[in-house]
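Below you'll find the structure, written out as structure tokens, and then a few comments.
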Amino acid sequence: MSNIINRGLIATTALFLSLPAPVAFSAVENADLLTLEEVVVTSRKREESLQTVPDSVTAFDSLAIENAGIDDVQDFIDLTPNISMRETFRAGVTFITIRGITTGQQGWAPATYVVDGVQAGSLDAINQGALMDIERIEVLKGPQGALYGAGAIAGAINVVTKKPTNEMEYAANASYARGNDIKLSGSVSGPLVEDKVLFRIGGYYRNTDGLIKSTDGDGLDFEEQVSVKGRLIFDLEDITIDLRGSYSDITSGVAAQELVANEGLIDVFDTPAAPGPARGIIGEEKREFVEFSAKVDWETEAGTLTSVTGYSDINQDLFGSATWQKGSGIGLFGHFGDPADPFVDQFQDLMDNFETFTQDVRFTSDADQPFRWMVGMSYMDRQVVNLLSVGGVLQGRERVEANLVRFLNRPDVRNDKAWGIYGQANYDLTDKLELSVALRYDKNDFDTTQYTDLTLSTPVPTPDGLTTLTATNDKWQPKAQLSYQWNDDIMTYLSYAEGFRYGFFNTGNLTASESTKNFEFGFKTMLANGRVRMNGAIFHIDYSDQQFTSIIGEAPFRLTTNVPESDINGGELEIVALLSEGLELSGGLGITDAKLKGGLRSPSTPDYSVNLALNYTVQVTDDWEAHARVDYRRQGSFILIDGVGTRFEIGEKDYVNARLKFRTGNWGIGAFVDNLFDERQANDFGFIGFGYIRSNSLPRSYGIEVNMHF
């Protein structure tokens, strides 16, 4: 067993022995009062207690979401051990890493992202801006392909939104933060026909100048977002119909990378050598999301028949600098700015559009029996239209076609037709011992066709004369688990599972599929008479054909390759403890030792992460209570690799967020600060032929917020 696993076990033991001690002090005074509420999750597609699920699951309920100020994907990922996310040059390109398994650009996410039972059809569908009206978030670690499909090679993220209510409810939130950041949101819920037809409507608006400034003081990460969504539930005796629809229009700053002179500046910020991004063209992306879904549950004597139908249409168009500087200099297509060169700047024009249809049908047995089972099948039809275009700007800095000369124009269309069949069975061998087995088969037939221009009428033949390249990936994904309930408070489990992720075409180049074999031991415990919840796991992963992407200095400016073999060892520990009335401590420890064959560290994987949070609620007057929260996160170092194999190390980082809110009845007012000590890091870094570019994390932000509900 590796040293890093040993250190994880030592840390687990130390926390296990030390943390219950201060809790025991208050046990004498409040023996019958202080207990943690049961957390109910649907990670195995049925309602179960978190403490009985033999998987590593981090769950956030609506109160935790409010207290921690979670309003986007980055927020809850930062609170979860062994998972990280780096947003790079645009919001759709989010590099998510779970237990050493990360994202390949233009490919599939390492985790299946699900909202109210509807699976996202692309990586770009995950980071859509604000999370609105969220009831619960569940982050599952370890392969979940048996139930969630081929994309769940490293885990799954299950988001559950608030349901319509049978009584009229109203809620509104407003905040103002650094960068002239204004956020407004609200919702209305109630019955159209009492007990039968219920509705919920929500809206969100954000307008910010951004926090990343150019050397001229222009905001480069500005954003304006308008989102609306609606939900309608029909309760017809044995049949429930759940309809959802949403629309988002987002205009945001993109391509805000900073050009630096050498790799020694990778971790240097706001100095004369690295003063910040210089810009002529200010990058901008327009994103439009349209989503509809219908979920039907039919309750029968044998179980529940569920059908989930989803449709999404994502349109994204980006225009930004291809020189990452201002004035005369070198760009992707050589020198500009001298008398012989007519161009004042160079540009990149990218389009990434996804239209996806998904269908899942399953039958689930009743839960109150020793033998529980589920069978189902799924289908996905997806079309992707990509454009990669770069060129020179003759005059001005705006996107005026008459002033643009395109040196490269590379549109391509990709199609995926994927289907799967799956089943799971849980059997109580004894009152304490449960056997769980699951099996899924996934197959994807996919292709790519490159065209000469955006009319998509003239395909470009390959050297062997083909106009369309095709590929097929398929695999069986088994999973087996044994869990033993030692008593009401302690459960342990052993599991073996195989993970799988489809390959993909990256602007015409085929990246192979990848697979994993996973071994895990875990435990779920309730301590100190229900006032401490401590869960943990250790794991080993054999990783084949790992996909990873790096920056290169020529078209298509990204290189995705496969690493034949990798090994990953690690562990995680999470704890929630009621130290006294109103005082709660929570935390997590994640350790990941990911190595390529030959011993080099795998890219994009922090070697450890530590999370600690302290929540304190106190009654300050008869009508008002105060709630304070401090979050601390320490992220270990990780490696980035460019297209020529140069390895860059991003060092350890410490982040602190703090919130203070006063609440009375239906009202609340508070203040917050994110990244209190203004810690910065490079989210991406690479050599592009004439310099090094990096994507920078966000600096400190602070503001005030007001909310109400009745």
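Labeling convention for the structure tokens: chains A, B, ... as they appear, residues from 1 per chain, ligands from 1 in order of appearance.
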
Name the residues of region 296-508 of chain A that come out as strand (DSSP E or B) in a backbone DSSP run; write them as a PDB file with C-alpha atoms, in the first residue's frame.
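Produced file result-v2.pdb, reproduced below:
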```pdb
ATOM      1  CA  VAL A 296     -43.795  10.210 -15.858  1.00  0.00           C
ATOM      2  CA  ASP A 297     -44.070   7.878 -12.839  1.00  0.00           C
ATOM      3  CA  TRP A 298     -46.715   5.153 -12.890  1.00  0.00           C
ATOM      4  CA  GLU A 299     -47.217   3.393  -9.567  1.00  0.00           C
ATOM      5  CA  GLY A 303     -43.346  -1.225  -8.537  1.00  0.00           C
ATOM      6  CA  THR A 304     -42.903   2.021 -10.426  1.00  0.00           C
ATOM      7  CA  LEU A 305     -42.580   2.492 -14.174  1.00  0.00           C
ATOM      8  CA  THR A 306     -40.620   5.683 -14.918  1.00  0.00           C
ATOM      9  CA  SER A 307     -40.084   7.448 -18.232  1.00  0.00           C
ATOM     10  CA  VAL A 308     -37.767  10.470 -18.481  1.00  0.00           C
ATOM     11  CA  THR A 309     -37.617  12.391 -21.774  1.00  0.00           C
ATOM     12  CA  GLY A 310     -35.237  15.302 -22.243  1.00  0.00           C
ATOM     13  CA  TYR A 311     -34.426  17.792 -24.984  1.00  0.00           C
ATOM     14  CA  SER A 312     -31.766  20.507 -24.907  1.00  0.00           C
ATOM     15  CA  ASP A 313     -30.471  22.989 -27.460  1.00  0.00           C
ATOM     16  CA  ILE A 314     -27.252  24.851 -26.631  1.00  0.00           C
ATOM     17  CA  ASN A 315     -25.927  27.591 -28.931  1.00  0.00           C
ATOM     18  CA  GLN A 316     -22.575  29.233 -28.156  1.00  0.00           C
ATOM     19  CA  ASP A 317     -20.621  31.738 -30.227  1.00  0.00           C
ATOM     20  CA  LEU A 318     -17.268  33.158 -29.080  1.00  0.00           C
ATOM     21  CA  PHE A 319     -15.181  35.997 -30.542  1.00  0.00           C
ATOM     22  CA  GLY A 320     -11.909  36.963 -28.895  1.00  0.00           C
ATOM     23  CA  SER A 321      -8.228  37.768 -29.235  1.00  0.00           C
ATOM     24  CA  GLY A 329       3.216  41.789 -31.488  1.00  0.00           C
ATOM     25  CA  ILE A 330       3.158  38.129 -32.487  1.00  0.00           C
ATOM     26  CA  GLY A 331      -0.019  36.113 -32.916  1.00  0.00           C
ATOM     27  CA  GLY A 334       2.961  35.505 -37.149  1.00  0.00           C
ATOM     28  CA  HIS A 335       3.824  39.204 -36.717  1.00  0.00           C
ATOM     29  CA  PHE A 336       1.379  42.039 -37.045  1.00  0.00           C
ATOM     30  CA  ASP A 345      -4.937  42.391 -34.351  1.00  0.00           C
ATOM     31  CA  GLN A 346      -5.780  38.720 -34.739  1.00  0.00           C
ATOM     32  CA  PHE A 347      -8.978  36.968 -33.667  1.00  0.00           C
ATOM     33  CA  GLN A 348     -10.440  33.572 -32.837  1.00  0.00           C
ATOM     34  CA  ASP A 349     -14.060  32.784 -33.675  1.00  0.00           C
ATOM     35  CA  LEU A 350     -15.444  29.621 -32.077  1.00  0.00           C
ATOM     36  CA  MET A 351     -18.875  28.043 -32.167  1.00  0.00           C
ATOM     37  CA  ASP A 352     -19.918  25.051 -30.056  1.00  0.00           C
ATOM     38  CA  ASN A 353     -23.562  24.057 -30.474  1.00  0.00           C
ATOM     39  CA  PHE A 354     -25.246  20.949 -29.053  1.00  0.00           C
ATOM     40  CA  GLU A 355     -28.716  19.599 -29.757  1.00  0.00           C
ATOM     41  CA  THR A 356     -29.531  16.555 -27.637  1.00  0.00           C
ATOM     42  CA  PHE A 357     -32.485  14.223 -27.176  1.00  0.00           C
ATOM     43  CA  THR A 358     -32.435  11.704 -24.309  1.00  0.00           C
ATOM     44  CA  GLN A 359     -34.839   8.979 -23.235  1.00  0.00           C
ATOM     45  CA  ASP A 360     -34.672   6.733 -20.186  1.00  0.00           C
ATOM     46  CA  VAL A 361     -37.263   4.112 -19.227  1.00  0.00           C
ATOM     47  CA  ARG A 362     -36.974   1.939 -16.123  1.00  0.00           C
ATOM     48  CA  PHE A 363     -39.038  -0.225 -13.810  1.00  0.00           C
ATOM     49  CA  THR A 364     -38.222  -0.105 -10.109  1.00  0.00           C
ATOM     50  CA  SER A 365     -39.536  -2.569  -7.567  1.00  0.00           C
ATOM     51  CA  PHE A 371     -35.132  -8.324  -2.819  1.00  0.00           C
ATOM     52  CA  ARG A 372     -35.168  -4.985  -4.613  1.00  0.00           C
ATOM     53  CA  TRP A 373     -34.456  -4.550  -8.285  1.00  0.00           C
ATOM     54  CA  MET A 374     -34.472  -2.205 -11.234  1.00  0.00           C
ATOM     55  CA  VAL A 375     -34.229  -2.689 -15.015  1.00  0.00           C
ATOM     56  CA  GLY A 376     -34.074  -0.017 -17.672  1.00  0.00           C
ATOM     57  CA  MET A 377     -32.884   1.213 -21.020  1.00  0.00           C
ATOM     58  CA  SER A 378     -31.707   4.582 -22.327  1.00  0.00           C
ATOM     59  CA  TYR A 379     -31.113   6.349 -25.626  1.00  0.00           C
ATOM     60  CA  MET A 380     -29.343   9.554 -26.660  1.00  0.00           C
ATOM     61  CA  ASP A 381     -29.242  11.288 -30.037  1.00  0.00           C
ATOM     62  CA  ARG A 382     -26.851  14.248 -30.179  1.00  0.00           C
ATOM     63  CA  GLN A 383     -25.637  16.565 -32.937  1.00  0.00           C
ATOM     64  CA  VAL A 384     -22.684  18.880 -32.361  1.00  0.00           C
ATOM     65  CA  VAL A 385     -21.698  21.739 -34.676  1.00  0.00           C
ATOM     66  CA  ASN A 386     -18.238  23.190 -34.055  1.00  0.00           C
ATOM     67  CA  LEU A 387     -16.486  26.091 -35.745  1.00  0.00           C
ATOM     68  CA  LEU A 388     -12.797  26.893 -35.423  1.00  0.00           C
ATOM     69  CA  SER A 389     -11.936  30.095 -37.274  1.00  0.00           C
ATOM     70  CA  VAL A 390      -8.986  32.469 -36.822  1.00  0.00           C
ATOM     71  CA  GLY A 391      -7.702  35.413 -38.786  1.00  0.00           C
ATOM     72  CA  GLY A 392      -6.686  39.047 -38.827  1.00  0.00           C
ATOM     73  CA  VAL A 393      -8.498  42.300 -38.080  1.00  0.00           C
ATOM     74  CA  LEU A 404     -12.031  40.352 -40.788  1.00  0.00           C
ATOM     75  CA  VAL A 405      -9.736  38.214 -42.948  1.00  0.00           C
ATOM     76  CA  ARG A 406     -10.120  34.529 -42.085  1.00  0.00           C
ATOM     77  CA  PHE A 407      -6.922  32.503 -42.401  1.00  0.00           C
ATOM     78  CA  LEU A 408      -8.533  29.282 -41.143  1.00  0.00           C
ATOM     79  CA  ASN A 409     -12.191  28.307 -41.321  1.00  0.00           C
ATOM     80  CA  ARG A 410     -12.879  24.813 -40.006  1.00  0.00           C
ATOM     81  CA  PRO A 411     -16.508  23.901 -39.244  1.00  0.00           C
ATOM     82  CA  ASP A 412     -17.371  20.290 -38.490  1.00  0.00           C
ATOM     83  CA  VAL A 413     -20.470  18.348 -37.515  1.00  0.00           C
ATOM     84  CA  ARG A 414     -20.415  15.431 -35.089  1.00  0.00           C
ATOM     85  CA  ASN A 415     -23.215  12.962 -34.385  1.00  0.00           C
ATOM     86  CA  ASP A 416     -23.651  10.523 -31.500  1.00  0.00           C
ATOM     87  CA  LYS A 417     -26.278   7.809 -31.277  1.00  0.00           C
ATOM     88  CA  ALA A 418     -25.859   6.002 -27.968  1.00  0.00           C
ATOM     89  CA  TRP A 419     -28.032   3.469 -26.227  1.00  0.00           C
ATOM     90  CA  GLY A 420     -27.782   1.335 -23.126  1.00  0.00           C
ATOM     91  CA  ILE A 421     -29.538  -1.364 -21.141  1.00  0.00           C
ATOM     92  CA  TYR A 422     -29.042  -1.769 -17.400  1.00  0.00           C
ATOM     93  CA  GLY A 423     -30.191  -3.529 -14.297  1.00  0.00           C
ATOM     94  CA  GLN A 424     -29.540  -3.522 -10.582  1.00  0.00           C
ATOM     95  CA  ALA A 425     -30.511  -5.898  -7.787  1.00  0.00           C
ATOM     96  CA  ASN A 426     -30.175  -5.514  -4.016  1.00  0.00           C
ATOM     97  CA  TYR A 427     -30.725  -8.526  -1.776  1.00  0.00           C
ATOM     98  CA  ASP A 428     -30.663  -8.716   2.022  1.00  0.00           C
ATOM     99  CA  LEU A 433     -25.661  -8.125   5.100  1.00  0.00           C
ATOM    100  CA  GLU A 434     -26.732  -6.696   1.708  1.00  0.00           C
ATOM    101  CA  LEU A 435     -25.512  -7.792  -1.704  1.00  0.00           C
ATOM    102  CA  SER A 436     -25.835  -5.296  -4.561  1.00  0.00           C
ATOM    103  CA  VAL A 437     -25.072  -6.151  -8.168  1.00  0.00           C
ATOM    104  CA  ALA A 438     -25.536  -4.067 -11.290  1.00  0.00           C
ATOM    105  CA  LEU A 439     -24.714  -4.454 -14.962  1.00  0.00           C
ATOM    106  CA  ARG A 440     -24.981  -2.124 -17.918  1.00  0.00           C
ATOM    107  CA  TYR A 441     -24.153  -2.310 -21.606  1.00  0.00           C
ATOM    108  CA  ASP A 442     -23.496   0.940 -23.498  1.00  0.00           C
ATOM    109  CA  LYS A 443     -22.851   1.451 -27.199  1.00  0.00           C
ATOM    110  CA  ASN A 444     -22.205   4.658 -29.135  1.00  0.00           C
ATOM    111  CA  ASP A 445     -21.993   5.012 -32.914  1.00  0.00           C
ATOM    112  CA  PHE A 446     -20.462   8.405 -33.637  1.00  0.00           C
ATOM    113  CA  ASP A 447     -19.065  10.296 -36.626  1.00  0.00           C
ATOM    114  CA  THR A 448     -17.580  13.597 -37.751  1.00  0.00           C
ATOM    115  CA  THR A 449     -17.692  15.527 -41.026  1.00  0.00           C
ATOM    116  CA  GLN A 450     -15.606  18.614 -41.754  1.00  0.00           C
ATOM    117  CA  TYR A 451     -16.928  21.344 -44.085  1.00  0.00           C
ATOM    118  CA  PRO A 459     -17.581  18.373 -46.976  1.00  0.00           C
ATOM    119  CA  THR A 468     -17.280  11.258 -42.909  1.00  0.00           C
ATOM    120  CA  LEU A 469     -15.203   9.480 -40.272  1.00  0.00           C
ATOM    121  CA  THR A 470     -17.046   6.970 -38.091  1.00  0.00           C
ATOM    122  CA  ALA A 471     -16.305   5.026 -34.920  1.00  0.00           C
ATOM    123  CA  THR A 472     -18.079   2.746 -32.469  1.00  0.00           C
ATOM    124  CA  ASN A 473     -17.443   2.263 -28.748  1.00  0.00           C
ATOM    125  CA  ASP A 474     -19.205  -0.255 -26.534  1.00  0.00           C
ATOM    126  CA  LYS A 475     -18.647  -1.979 -23.205  1.00  0.00           C
ATOM    127  CA  TRP A 476     -20.270  -3.940 -20.406  1.00  0.00           C
ATOM    128  CA  GLN A 477     -19.939  -2.222 -17.002  1.00  0.00           C
ATOM    129  CA  PRO A 478     -20.422  -4.505 -13.989  1.00  0.00           C
ATOM    130  CA  LYS A 479     -20.634  -3.462 -10.354  1.00  0.00           C
ATOM    131  CA  ALA A 480     -20.799  -5.614  -7.211  1.00  0.00           C
ATOM    132  CA  GLN A 481     -21.022  -4.530  -3.574  1.00  0.00           C
ATOM    133  CA  LEU A 482     -21.280  -6.126  -0.156  1.00  0.00           C
ATOM    134  CA  SER A 483     -22.376  -3.952   2.748  1.00  0.00           C
ATOM    135  CA  TYR A 484     -22.647  -4.959   6.394  1.00  0.00           C
ATOM    136  CA  GLN A 485     -24.693  -3.059   8.977  1.00  0.00           C
ATOM    137  CA  TRP A 486     -22.808  -3.769  12.206  1.00  0.00           C
ATOM    138  CA  ASN A 487     -25.421  -1.896  14.237  1.00  0.00           C
ATOM    139  CA  ILE A 490     -21.983   1.636  11.689  1.00  0.00           C
ATOM    140  CA  MET A 491     -21.982   0.249   8.164  1.00  0.00           C
ATOM    141  CA  THR A 492     -19.022  -0.925   6.072  1.00  0.00           C
ATOM    142  CA  TYR A 493     -18.892  -1.931   2.423  1.00  0.00           C
ATOM    143  CA  LEU A 494     -16.675  -3.444  -0.238  1.00  0.00           C
ATOM    144  CA  SER A 495     -17.192  -2.797  -3.935  1.00  0.00           C
ATOM    145  CA  TYR A 496     -15.797  -3.587  -7.350  1.00  0.00           C
ATOM    146  CA  ALA A 497     -16.898  -1.646 -10.413  1.00  0.00           C
ATOM    147  CA  GLU A 498     -15.763  -0.999 -13.950  1.00  0.00           C
ATOM    148  CA  GLY A 499     -16.034   2.439 -15.494  1.00  0.00           C
ATOM    149  CA  PHE A 500     -16.190   3.479 -19.140  1.00  0.00           C
ATOM    150  CA  ARG A 501     -16.152   6.703 -21.121  1.00  0.00           C
ATOM    151  CA  PHE A 504     -14.675  11.360 -29.379  1.00  0.00           C
ATOM    152  CA  PHE A 505     -13.528  13.273 -32.427  1.00  0.00           C
ATOM    153  CA  ASN A 506     -11.515  16.401 -31.626  1.00  0.00           C
TER     154      ASN A 506
END
```

Non-local contacts of region 657-669 of chain A (8 Å; only C-alpha atoms; under 5 positions in same chain excluded) as a list in words
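Contacts, with the query itself left out: Ala68, Asp623, Trp624, Glu625, Ala626, His627, Ala628, Arg629, Val630, Asp631, Tyr632, Asp674, Asn675, Leu676, Ile704, Glu705, Val706, Asn707, Met708, His709 and Phe710 of chain A.
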
Can I get the selection written as an mmCIF file, in the first residue's frame, with C-alpha atoms?
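Result saved to again33.cif:
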```cif
data_model
loop_
_atom_site.group_PDB
_atom_site.id
_atom_site.type_symbol
_atom_site.label_atom_id
_atom_site.label_comp_id
_atom_site.auth_asym_id
_atom_site.auth_seq_id
_atom_site.Cartn_x
_atom_site.Cartn_y
_atom_site.Cartn_z
ATOM 1 C CA ALA A 68 -22.744 28.094 2.194
ATOM 2 C CA ASP A 623 -37.014 38.242 16.716
ATOM 3 C CA TRP A 624 -33.566 38.038 15.139
ATOM 4 C CA GLU A 625 -30.980 35.268 14.834
ATOM 5 C CA ALA A 626 -27.459 35.534 13.488
ATOM 6 C CA HIS A 627 -25.772 32.907 11.363
ATOM 7 C CA ALA A 628 -22.034 32.931 10.666
ATOM 8 C CA ARG A 629 -20.069 30.555 8.471
ATOM 9 C CA VAL A 630 -16.380 30.262 7.629
ATOM 10 C CA ASP A 631 -15.101 27.883 4.933
ATOM 11 C CA TYR A 632 -11.476 26.880 4.557
ATOM 12 C CA ASP A 674 -15.178 34.911 -1.211
ATOM 13 C CA ASN A 675 -11.441 34.205 -1.441
ATOM 14 C CA LEU A 676 -10.793 36.370 1.607
ATOM 15 C CA ILE A 704 -24.187 42.115 0.624
ATOM 16 C CA GLU A 705 -27.368 40.112 0.106
ATOM 17 C CA VAL A 706 -31.051 40.277 1.033
ATOM 18 C CA ASN A 707 -33.663 37.535 0.764
ATOM 19 C CA MET A 708 -37.250 36.911 1.681
ATOM 20 C CA HIS A 709 -39.758 34.093 1.473
ATOM 21 C CA PHE A 710 -43.390 33.670 2.478
#
```

Just the residues within 10 Å of region 559-565 of chain A, please, counting only C-alpha atoms, with nothing from its chain fewer than 3 positions along; format it as a PyMOL selection string.
chain A and resi 103-107+503-507+509-514+516+542-556+595-598+602+642-644

Could you list, as JSON, numbers by chain, every residue within 10 Å of Leu192 (chain A), counting only C-alpha atoms and ignoring same-chain residues fewer than 3 positions away?
{"A": [166, 167, 168, 189, 195, 196, 197, 198, 199, 232, 233, 234]}

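Counting only C-alpha atoms, the residue from A:Gln325, A:Glu47, A:Leu220, A:Gly203 that sits nearest to Phe690 (chain A) is A:Gln325.
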